[in-house]
Amino acid sequence: MLPDLKLLIQLQELDSTGERLRRRMADIPAAQAALDSRLADLTGAVASVKERNAVSQASRREIEKDLAAVQTRLSKYKDQLMEVKTNKEYHAMQTEITTAEAVVRREEDRLLEQMEEAETLAAELKTSEAALKSGETDLVRSRQQMDADRTAAEQGLEKADVERAQIAASVSPGALALFERVSKHRKGLAMSEARDGLCTQCHVRLRPQVYNELRRNESVMQCESCSRILYLVAPVAPAAAPSPEAQSAPVEPGS
């Protein structure tokens, strides 16, 4: 294969590696923002349950206060019932007692509902706090992994840049200029393997004359469709099978 072609293939590999590393580094801030958003949601869920729990507790205290007042009034009515002098007063007091007892039952039902709600909120708070704790642990671990990925990507990119500069210095000026020009117009992909008579990047069939000349890999050739620099990977020859004589040869004793 033409030396320039070998070097250009290596340049393409390094450019592709560098692009992958740059994309990985560019994706990290968005991934970190997603983690922060997730943690904010979990924190908000805990705060929401706590707020609802505080409202529920305040409502429960209000109900307990109203219930105590009605129970006090009911007790007072029952005491007064023993002191009435006339049937009219007696029936009037009985009405007040009946009304107060109905209010007590209603307030007790409301209190029971608040107690059940408190149990539900307590369980919900426990679940949301556990989710927040788990989310915080995941955030720390993910951030550490992202920091490690960023460091590895930076180091890999620095290494690729050094290797690229060394290889580029060995490429003939004309071939390098062509590579850079095609790479610029083809989103960083200047090279294309030719296989089975096709350009593997644009999938256009190459003219037989071009493909036959390309088989020699002795010149820098471009795809007539996409302008990428073509190269052909020589097929690996299969391992030779042992001859029938070798397969049937007797094994010497002690060999």
# chains A, B, ... in the order shown; residues from 1 in each chain; ligands from 1
call {"tool": "residues_around", "arguments": {"residues": "segment 219-233 of chain A", "least_positions_apart": "6", "cutoff": "7 Å", "atoms": "only C-alpha atoms", "output": "VMD selection string"}}
result
chain A and resid 2 5 182 190 to 195 199 202 204
call {"tool": "write_last_selection", "arguments": {"atoms": "N, CA and C atoms", "output": "CSV table (one decimal), in the first residue's frame"}}
result
chain,number,residue,atom,x,y,z
A,2,LEU,N,0.4,2.2,-0.7
A,2,LEU,CA,1.2,3.5,-0.8
A,2,LEU,C,1.4,4.1,0.7
A,5,LEU,N,-1.2,6.5,1.9
A,5,LEU,CA,-2.5,5.9,2.2
A,5,LEU,C,-2.5,5.4,3.6
A,182,VAL,N,-11.0,17.5,2.2
A,182,VAL,CA,-12.1,16.6,2.1
A,182,VAL,C,-12.7,16.4,3.5
A,190,ALA,N,-12.8,11.8,5.9
A,190,ALA,CA,-12.2,12.0,4.6
A,190,ALA,C,-11.9,10.7,3.9
A,191,MET,N,-11.8,9.6,4.7
A,191,MET,CA,-11.4,8.3,4.1
A,191,MET,C,-12.6,7.4,4.0
A,192,SER,N,-12.6,6.5,3.0
A,192,SER,CA,-13.7,5.6,2.8
A,192,SER,C,-13.1,4.3,2.2
A,193,GLU,N,-13.4,3.2,2.8
A,193,GLU,CA,-12.9,1.9,2.3
A,193,GLU,C,-13.8,1.5,1.1
A,194,ALA,N,-13.1,1.0,0.1
A,194,ALA,CA,-13.8,0.4,-1.0
A,194,ALA,C,-14.0,-1.1,-0.8
A,195,ARG,N,-15.2,-1.6,-1.0
A,195,ARG,CA,-15.4,-3.0,-0.8
A,195,ARG,C,-16.5,-3.5,-1.7
A,199,CYS,N,-18.1,2.3,-2.7
A,199,CYS,CA,-17.6,3.2,-1.7
A,199,CYS,C,-18.5,3.0,-0.5
A,202,CYS,N,-20.6,6.4,0.7
A,202,CYS,CA,-21.8,7.0,0.0
A,202,CYS,C,-22.6,5.8,-0.7
A,204,VAL,N,-22.1,4.3,-3.5
A,204,VAL,CA,-22.2,4.4,-4.9
A,204,VAL,C,-21.2,3.4,-5.5
call {"tool": "select_by_dssp", "arguments": {"residues": "segment 122-231 of chain A", "states": "alpha helix (DSSP H)", "output": "PyMOL selection string"}}
result
chain A and resi 122-168+173-185+208-214
call {"tool": "residues_around", "arguments": {"residues": "segment 76-82 of chain A", "least_positions_apart": "3", "cutoff": "12 Å", "atoms": "only C-alpha atoms", "output": "mmCIF file with C-alpha atoms, in the first residue's frame"}}
result
data_model
loop_
_atom_site.group_PDB
_atom_site.id
_atom_site.type_symbol
_atom_site.label_atom_id
_atom_site.label_comp_id
_atom_site.auth_asym_id
_atom_site.auth_seq_id
_atom_site.Cartn_x
_atom_site.Cartn_y
_atom_site.Cartn_z
ATOM 1 C CA ALA A 69 -64.706 22.711 73.188
ATOM 2 C CA VAL A 70 -67.784 20.713 72.163
ATOM 3 C CA GLN A 71 -67.039 18.014 74.753
ATOM 4 C CA THR A 72 -66.755 20.691 77.433
ATOM 5 C CA ARG A 73 -70.048 22.180 76.331
ATOM 6 C CA LYS A 85 -87.267 22.606 86.782
ATOM 7 C CA THR A 86 -89.735 22.258 83.928
ATOM 8 C CA ASN A 87 -90.401 19.822 81.094
ATOM 9 C CA LYS A 88 -89.843 22.595 78.572
ATOM 10 C CA GLU A 89 -86.423 23.306 79.980
ATOM 11 C CA TYR A 90 -85.691 19.572 80.096
ATOM 12 C CA HIS A 91 -86.599 19.037 76.417
ATOM 13 C CA ALA A 92 -84.647 22.118 75.406
ATOM 14 C CA MET A 93 -81.592 20.852 77.236
ATOM 15 C CA GLN A 94 -82.018 17.390 75.673
ATOM 16 C CA THR A 95 -82.020 19.043 72.240
ATOM 17 C CA GLU A 96 -78.786 20.871 73.058
ATOM 18 C CA ILE A 97 -77.220 17.620 74.283
ATOM 19 C CA THR A 98 -78.316 15.719 71.162
ATOM 20 C CA THR A 99 -76.943 18.463 68.931
ATOM 21 C CA ALA A 100 -73.632 18.556 70.831
ATOM 22 C CA GLU A 101 -73.286 14.754 70.695
#
call {"tool": "residues_around", "arguments": {"residues": "Gln114 of chain A", "least_positions_apart": "6", "cutoff": "9 Å", "atoms": "only C-alpha atoms", "output": "list of chain:residue names"}}
result
A:Ser56, A:Gln57, A:Ser59, A:Arg60, A:Ile63
call {"tool": "write_last_selection", "arguments": {"atoms": "C-alpha atoms", "output": "PDB file, in the first residue's frame"}}
result
ATOM      1  CA  SER A  56     -52.448  18.045  58.144  1.00  0.00           C
ATOM      2  CA  GLN A  57     -51.020  18.441  61.644  1.00  0.00           C
ATOM      3  CA  SER A  59     -55.777  20.778  60.798  1.00  0.00           C
ATOM      4  CA  ARG A  60     -55.639  17.977  63.340  1.00  0.00           C
ATOM      5  CA  ILE A  63     -60.103  19.619  65.105  1.00  0.00           C
TER       6      ILE A  63
END
call {"tool": "closest_residue", "arguments": {"among": "A:Leu121, A:Leu39, A:Leu7, A:Leu157", "to": "Ser172 of chain A", "atoms": "only C-alpha atoms"}}
result
A:Leu7
